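Shown next: model-v7.cif, containing mmCIF, C-alpha atoms.
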```
data_entry
#
loop_
_atom_site.label_atom_id
_atom_site.label_comp_id
_atom_site.auth_asym_id
_atom_site.auth_seq_id
_atom_site.Cartn_x
_atom_site.Cartn_y
_atom_site.Cartn_z
CA MET A 1 82.01 92.07 110.47
CA ASP A 2 79.68 94.96 109.66
CA THR A 3 81.06 95.13 106.11
CA SER A 4 80.42 91.42 105.54
CA LEU A 5 76.88 91.75 106.87
CA THR A 6 76.22 94.71 104.58
CA ILE A 7 77.49 92.76 101.58
CA LEU A 8 75.26 89.79 102.46
CA ARG A 9 72.24 92.05 102.78
CA LEU A 10 73.04 93.68 99.44
CA PHE A 11 73.39 90.27 97.82
CA ALA A 12 70.05 89.12 99.29
CA PHE A 13 68.40 92.33 98.06
CA ILE A 14 69.76 91.86 94.51
CA LEU A 15 68.74 88.19 94.53
CA GLU A 16 65.20 89.08 95.61
CA LYS A 17 64.82 91.73 92.92
CA ALA A 18 66.17 89.39 90.28
CA GLY A 19 63.64 86.76 91.35
CA GLU A 20 60.83 89.30 91.03
CA VAL A 21 61.96 90.25 87.52
CA PHE A 22 61.80 86.63 86.38
CA THR A 23 58.72 85.44 88.29
CA LEU A 24 56.31 88.37 88.05
CA PRO A 25 56.00 88.25 84.23
CA VAL A 26 55.30 84.52 84.45
CA VAL A 27 52.59 85.07 87.08
CA VAL A 28 51.00 87.85 85.01
CA LEU A 29 51.10 85.71 81.87
CA ILE A 30 49.46 82.78 83.65
CA SER A 31 46.80 85.11 85.04
CA CYS A 32 46.06 86.50 81.59
CA ILE A 33 45.72 83.00 80.16
CA LEU A 34 43.53 81.61 82.94
CA GLN A 35 41.28 84.61 83.62
CA PRO A 36 38.98 84.06 80.59
CA ARG A 37 38.52 80.41 81.57
CA LEU A 38 37.71 81.43 85.13
CA GLN A 39 35.10 83.87 83.83
CA TYR A 40 33.74 81.08 81.62
CA ALA A 41 33.33 78.77 84.62
CA LEU A 42 31.60 81.50 86.63
CA ALA A 43 29.23 82.29 83.76
CA ARG A 44 28.48 78.59 83.23
CA ASP A 45 27.42 78.29 86.87
CA GLY A 46 25.32 81.44 86.71
CA LEU A 47 27.70 83.68 88.67
CA ALA A 48 28.64 86.02 85.80
CA PRO A 49 27.05 87.36 82.60
CA GLN A 50 26.51 84.72 79.92
CA MET A 51 28.65 86.63 77.41
CA PHE A 52 31.69 85.09 79.08
CA CYS A 53 30.49 81.67 77.86
CA GLU A 54 30.42 82.75 74.22
CA MET A 55 33.10 81.28 71.96
CA ASP A 56 34.16 82.14 68.44
CA GLY A 57 34.37 79.64 65.58
CA LYS A 58 37.73 78.32 66.85
CA GLY A 59 36.57 77.77 70.41
CA ASN A 60 38.29 80.83 71.84
CA LEU A 61 36.66 82.95 74.54
CA ARG A 62 37.06 86.15 72.56
CA LYS A 63 34.76 88.42 74.59
CA GLY A 64 36.07 87.14 77.90
CA THR A 65 39.67 87.61 76.77
CA LEU A 66 39.02 91.17 75.55
CA PHE A 67 37.27 92.06 78.80
CA ALA A 68 40.00 90.60 81.06
CA GLY A 69 42.80 92.08 78.97
CA SER A 70 41.19 95.54 78.93
CA VAL A 71 40.69 95.57 82.70
CA MET A 72 44.26 94.39 83.36
CA THR A 73 45.66 96.99 80.96
CA LEU A 74 43.72 99.83 82.60
CA ILE A 75 44.84 98.76 86.08
CA ALA A 76 48.48 98.43 85.00
CA THR A 77 48.37 101.83 83.30
CA PHE A 78 46.70 103.98 85.96
CA VAL A 79 47.22 102.25 89.33
CA PRO A 80 50.75 102.34 90.83
CA PHE A 81 52.05 98.92 91.78
CA THR A 82 52.79 100.20 95.29
CA TYR A 83 49.05 100.33 95.94
CA LEU A 84 48.46 96.90 94.49
CA ASP A 85 51.30 95.14 96.32
CA ASP A 86 49.51 94.71 99.65
CA PHE A 87 46.19 94.07 97.89
CA VAL A 88 47.68 91.18 95.93
CA SER A 89 49.37 89.77 99.04
CA ALA A 90 46.11 90.00 100.99
CA GLY A 91 44.23 88.30 98.16
CA ILE A 92 46.66 85.37 98.14
CA LEU A 93 46.39 84.98 101.92
CA VAL A 94 42.59 85.04 101.71
CA ALA A 95 42.78 82.36 99.00
CA PHE A 96 44.82 80.21 101.38
CA SER A 97 42.19 80.77 104.09
CA VAL A 98 39.43 79.77 101.66
CA THR A 99 41.37 76.58 100.92
CA ASN A 100 41.63 75.80 104.63
CA GLY A 101 37.93 76.46 105.09
CA SER A 102 37.09 74.27 102.11
CA LEU A 103 39.03 71.40 103.64
CA VAL A 104 37.00 71.70 106.85
CA VAL A 105 33.76 71.82 104.85
CA MET A 106 34.72 68.70 102.90
CA ARG A 107 35.87 66.77 105.97
CA ARG A 108 33.15 67.80 108.44
CA ASP A 109 29.35 67.87 108.29
CA SER A 110 26.76 70.04 109.99
CA PRO A 111 24.47 68.17 112.39
CA THR A 112 21.32 66.88 110.73
CA SER A 113 19.17 68.92 113.10
CA ARG A 114 21.13 72.11 112.44
CA PRO A 115 21.93 72.48 108.72
CA LEU A 116 24.56 75.03 107.68
CA LEU A 117 25.90 75.17 111.24
CA LEU A 118 29.41 74.35 110.02
CA GLU A 119 29.35 77.11 107.43
CA LYS A 120 28.10 79.64 109.99
CA LEU A 121 30.79 78.63 112.48
CA LEU A 122 33.50 78.94 109.84
CA LEU A 123 32.23 82.40 108.93
CA ALA A 124 32.26 83.39 112.60
CA PHE A 125 35.76 81.94 113.01
CA ASN A 126 37.12 83.98 110.11
CA GLY A 127 35.48 87.15 111.37
CA MET A 128 36.79 86.73 114.90
CA ALA A 129 40.23 85.75 113.59
CA CYS A 130 40.33 88.95 111.53
CA PHE A 131 39.42 91.19 114.49
CA SER A 132 41.67 89.37 116.95
CA CYS A 133 44.67 89.58 114.60
CA LEU A 134 44.07 93.30 114.05
CA ALA A 135 44.02 93.73 117.82
CA LEU A 136 47.18 91.63 118.23
CA VAL A 137 49.09 93.64 115.62
CA HIS A 138 47.85 97.16 116.40
CA GLY A 139 46.45 97.04 119.94
CA LEU A 140 49.20 95.68 122.18
CA SER A 141 50.59 99.10 123.06
CA SER A 142 48.06 99.55 125.88
CA LEU A 143 46.71 97.36 128.66
CA ALA A 144 43.16 97.62 127.33
CA GLY A 145 44.36 96.61 123.87
CA LYS A 146 46.11 93.57 125.30
CA ALA A 147 42.96 92.55 127.15
CA ILE A 148 40.79 92.95 124.05
CA ALA A 149 43.26 91.04 121.87
CA THR A 150 43.45 88.19 124.41
CA PHE A 151 39.67 87.99 124.68
CA LEU A 152 39.14 87.94 120.91
CA ALA A 153 41.85 85.30 120.44
CA LEU A 154 40.24 83.09 123.09
CA VAL A 155 36.82 83.45 121.47
CA THR A 156 38.35 82.52 118.12
CA ALA A 157 39.96 79.42 119.60
CA CYS A 158 36.67 78.44 121.26
CA ILE A 159 34.88 78.60 117.91
CA GLY A 160 37.45 76.19 116.49
CA PHE A 161 36.82 73.74 119.32
CA VAL A 162 33.05 74.13 118.86
CA ILE A 163 33.45 73.12 115.22
CA ALA A 164 35.32 69.98 116.28
CA TRP A 165 32.72 69.20 118.96
CA LEU A 166 29.43 69.85 117.17
CA CYS A 167 30.27 69.00 113.54
CA PRO A 168 30.91 65.26 113.00
CA VAL A 169 33.48 63.83 110.63
CA SER A 170 32.11 63.14 107.14
CA ALA A 171 31.79 59.49 106.17
CA ILE A 172 32.99 60.35 102.66
CA PHE A 173 34.98 63.23 101.25
CA GLY A 174 32.49 66.03 100.75
CA GLY A 175 29.86 64.58 103.07
CA ARG A 176 26.24 65.23 102.20
CA ARG A 177 27.32 67.94 99.73
CA ALA A 178 28.86 65.43 97.33
CA VAL A 179 26.46 64.97 94.41
CA GLY A 180 26.26 61.27 93.58
CA ALA A 181 29.10 60.34 95.92
CA HIS A 182 28.95 57.00 97.68
CA TRP A 183 31.19 54.95 99.93
CA GLU A 184 32.99 52.06 98.30
CA GLU A 185 34.09 49.17 100.49
CA GLY A 186 37.81 48.60 100.51
CA VAL A 187 38.67 51.97 98.98
CA GLN A 188 41.21 53.96 100.99
CA TYR A 189 40.36 57.66 100.78
CA PHE A 190 43.19 60.01 101.68
CA SER A 191 43.14 61.14 105.28
CA THR A 192 43.68 64.63 106.65
CA PRO A 193 44.93 64.73 110.25
CA MET A 194 43.63 67.04 112.95
CA VAL A 195 40.76 68.66 111.06
CA PRO A 196 39.58 71.32 111.88
CA PHE A 197 42.49 72.34 114.13
CA ILE A 198 45.31 72.56 111.56
CA PRO A 199 43.17 74.34 108.90
CA CYS A 200 41.88 76.79 111.51
CA LEU A 201 45.41 77.45 112.73
CA GLY A 202 46.50 78.13 109.15
CA THR A 203 43.55 80.47 108.66
CA PHE A 204 44.46 82.37 111.83
CA ALA A 205 48.07 82.72 110.64
CA ASN A 206 46.86 84.09 107.30
CA TRP A 207 44.72 86.73 109.01
CA TYR A 208 47.68 87.65 111.24
CA LEU A 209 49.77 88.33 108.15
CA ILE A 210 46.93 90.30 106.55
CA ALA A 211 46.66 92.46 109.67
CA GLN A 212 50.28 93.59 109.17
CA LEU A 213 49.61 95.01 105.71
CA GLU A 214 49.05 98.68 104.93
CA PHE A 215 45.60 100.08 105.60
CA LEU A 216 44.97 100.81 101.91
CA GLY A 217 45.59 97.17 100.97
CA ILE A 218 43.07 95.99 103.54
CA VAL A 219 40.49 98.55 102.30
CA LEU A 220 40.98 97.37 98.70
CA LEU A 221 40.50 93.79 99.86
CA LEU A 222 37.23 94.67 101.61
CA LEU A 223 36.02 96.48 98.48
CA TYR A 224 36.85 93.40 96.43
CA PHE A 225 34.83 91.25 98.87
CA ALA A 226 31.90 93.64 98.55
CA LEU A 227 32.04 93.42 94.75
CA ALA A 228 32.26 89.62 94.84
CA ALA A 229 29.29 89.43 97.22
CA ALA A 230 27.24 91.75 94.99
CA ILE A 231 27.96 89.58 91.95
CA TYR A 232 27.09 86.45 93.90
CA PHE A 233 23.71 87.68 95.10
CA LYS A 234 22.85 89.19 91.70
CA TYR A 235 23.49 86.09 89.60
CA TYR A 236 23.18 83.21 92.07
CA SER A 237 20.63 83.94 94.78
CA GLY A 238 17.54 81.76 94.56
CA ARG A 239 18.93 79.37 91.94
CA ASP A 240 19.79 75.70 92.14
CA SER A 241 23.59 75.67 92.37
CA ARG A 242 23.78 72.16 90.93
CA ILE A 243 21.86 72.94 87.71
CA THR A 244 22.28 76.65 87.01
CA GLY A 245 24.29 77.16 83.85
CA ARG A 246 25.16 73.51 83.34
CA THR A 247 24.62 71.94 79.94
CA GLY A 248 24.97 68.58 78.24
CA PRO A 249 25.82 65.43 80.22
CA ALA A 250 26.57 67.38 83.41
CA ARG A 251 23.09 68.92 83.55
CA GLN A 252 21.47 65.61 82.58
CA TYR A 253 23.36 63.82 85.34
CA VAL A 254 22.32 66.29 88.02
CA GLU A 255 18.67 66.19 86.93
CA VAL A 256 18.66 62.36 86.99
CA HIS A 257 20.29 62.40 90.41
CA GLN A 258 17.70 64.81 91.81
CA GLU A 259 14.85 62.75 90.39
CA GLN A 260 16.20 59.54 91.93
CA GLU A 261 16.75 61.31 95.24
CA SER A 262 13.13 62.44 95.30
CA ASN A 263 11.97 58.87 94.57
CA GLY A 264 14.13 57.37 97.29
CA HIS A 265 16.53 55.54 94.93
CA PRO A 266 20.30 55.37 95.49
CA ALA A 267 22.52 57.91 93.79
CA PRO A 268 23.86 57.06 90.33
CA ASP A 269 27.52 56.63 89.49
CA ASN A 270 29.68 59.65 88.74
CA SER A 271 29.33 59.21 84.98
CA LEU A 272 26.53 59.14 82.46
CA ASN A 273 26.62 57.38 79.10
CA GLY A 274 30.40 57.35 79.22
CA HIS A 275 30.70 61.13 79.67
CA ALA A 276 32.72 62.70 82.44
CA ILE A 277 30.78 65.02 84.71
CA THR A 278 32.32 68.45 85.04
#
```

How does the structure come out when it is put into structure tokens?
Amino acid sequence: MDTSLTILRLFAFILEKAGEVFTLPVVVLISCILQPRLQYALARDGLAPQMFCEMDGKGNLRKGTLFAGSVMTLIATFVPFTYLDDFVSAGILVAFSVTNGSLVVMRRDSPTSRPLLLEKLLLAFNGMACFSCLALVHGLSSLAGKAIATFLALVTACIGFVIAWLCPVSAIFGGRRAVGAHWEEGVQYFSTPMVPFIPCLGTFANWYLIAQLEFLGIVLLLLYFALAAAIYFKYYSGRDSRITGRTGPARQYVEVHQEQESNGHPAPDNSLNGHAIT
């Protein structure tokens, strides 16, 4: 029996390593291909230097590709993968949490009398979920740790219920944030059940997994957040997020929409002179 179990474990180990050999190069290749376009989108919206928007005569993002490739090459050369393993895992889990939070933002609205309440509650929920999960993973060895972990988990759950209580369901997908969106009679928009409870539960599960990672991975994740926040406030603070960096039909559409909003006219359709708005 023990021999059979050992063989099964060895087979599972070999299968896992073989999967990594085949999938990791694909993931890295996709990242290398998409990273310049991501930088282009950030620069177009004013969140990164404008050099990432520059194209050569063939429409290639040469500077953005050289920058991304150089950074990836330096990291791969000098940073052991052992240190990056937990950092990458934490980054993916945070991306899942951002997706859950985005769903809540698109399906719920802040009260008219208290703008940005939903965003503040989601920020508080993520912060409390992070601390409560750290306490659940590392603090259950003592009675005081158990009490703290229980208290933080209850506070986190209460924030989720407050979101459901104070933030009404959006009439349309995106709510008041949707530029030019309007409700069409007879159109069935896809429904998402139990928002914000299921997204908040998924976010809590992600933070619980992050709390089990090595300390270095969590520190690298926090440093990455600090860098992202610095870039955001440097290139974005004080600008109009709907116009900054946009050009062509997209910029024209947003400007027309803002003008009609100020004059009390209904929002225009989501196209302008036959051009798609991106």

Item to check | Result set, the PyMOL selection byres ((chain A and resi 132) around 9) on current file, as a ChimeraX atom specification | outcome: /A:127-131,133-137,148-156,207-208

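Between CA of Phe125 in chain A and CA of Cys200 in chain A the separation is 8.1 Å.
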
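Candidate residues A:Val105, A:Ala157, A:Ala43, A:Val94 were compared for distance to Leu222 in chain A, and the nearest is A:Val94, using all atoms listed in the file.
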
Next on the checklist: I want to know what sits within 12 Å of range 17-31 of chain A, based on all atoms listed in the file, with residues of the same chain fewer than 5 positions away left out; could you give that as an MDAnalysis selection string?
Outcome noted: chainID A and resid 10:12 36:39 65 68:69 72:73 76 81 85 88

Checklist entry - At what distance in Å, to one decimal, does CA of Pro199 in chain A lie from CA of Ser141 in chain A? => result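 These atoms are spaced 29.5 Å apart.
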
Item to check | Shell around Arg114 in chain A at 12 Å using all atoms listed in the file, local window under 4 positions removed, as a ChimeraX atom specification | outcome: /A:109-110,118-121,166-168

Next on the checklist: What does the structure give for the distance between CA of Lys63 in chain A and CA of Gly46 in chain A, in Å to one decimal?
Outcome noted: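 Distance reported for this atom pair: 16.9 Å.
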
Checklist entry - Of the candidates A:Leu223, A:Ala90, A:Ala95, A:Ala229, which shows the shortest atom-to-atom distance to Ala211 in chain A, using all atoms listed in the file? => result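 Residue with the minimum atom-to-atom distance to Ala211 in chain A: A:Ala90.
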
Checklist entry - With all atoms listed in the file as the atoms that count, which of A:Phe13, A:Tyr40, A:Phe161, A:Phe197 lies nearest to Val104 in chain A? => result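 Of A:Phe13, A:Tyr40, A:Phe161, A:Phe197, the one nearest Val104 in chain A is A:Phe197, counting all atoms listed in the file.
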
Item to check | For Ala171 in chain A, the nearest of the candidates A:Leu209, A:Met194, A:Leu15, A:Met106, counting only C-alpha atoms | outcome: A:Met106

Once the PyMOL selection byres ((chain A and resi 48) around 12) is applied to the coordinates I shared, what remains selected? I want it as a tab-separated table (two decimals) with C-alpha atoms, keeping the file's coordinate frame.
```
chain	number	residue	atom	x	y	z
A	36	PRO	CA	38.98	84.06	80.59
A	38	LEU	CA	37.71	81.43	85.13
A	39	GLN	CA	35.10	83.87	83.83
A	40	TYR	CA	33.74	81.08	81.62
A	41	ALA	CA	33.33	78.77	84.62
A	42	LEU	CA	31.60	81.50	86.63
A	43	ALA	CA	29.23	82.29	83.76
A	44	ARG	CA	28.48	78.59	83.23
A	45	ASP	CA	27.42	78.29	86.87
A	46	GLY	CA	25.32	81.44	86.71
A	47	LEU	CA	27.70	83.68	88.67
A	49	PRO	CA	27.05	87.36	82.60
A	50	GLN	CA	26.51	84.72	79.92
A	51	MET	CA	28.65	86.63	77.41
A	52	PHE	CA	31.69	85.09	79.08
A	53	CYS	CA	30.49	81.67	77.86
A	64	GLY	CA	36.07	87.14	77.90
A	228	ALA	CA	32.26	89.62	94.84
A	229	ALA	CA	29.29	89.43	97.22
A	230	ALA	CA	27.24	91.75	94.99
A	231	ILE	CA	27.96	89.58	91.95
A	232	TYR	CA	27.09	86.45	93.90
A	233	PHE	CA	23.71	87.68	95.10
A	234	LYS	CA	22.85	89.19	91.70
A	235	TYR	CA	23.49	86.09	89.60
A	236	TYR	CA	23.18	83.21	92.07
A	244	THR	CA	22.28	76.65	87.01
A	245	GLY	CA	24.29	77.16	83.85
```

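Counting all atoms listed in the file, the residue from A:Phe96, A:Phe204, A:Phe87, A:Phe67 that sits nearest to Tyr224 in chain A is A:Phe87.
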
Checklist entry - Nearest to Ser102 in chain A among A:Gly139, A:Pro193, A:Gly174, A:Gly217, with distances taken over all atoms listed in the file: which residue is it? => result A:Gly174
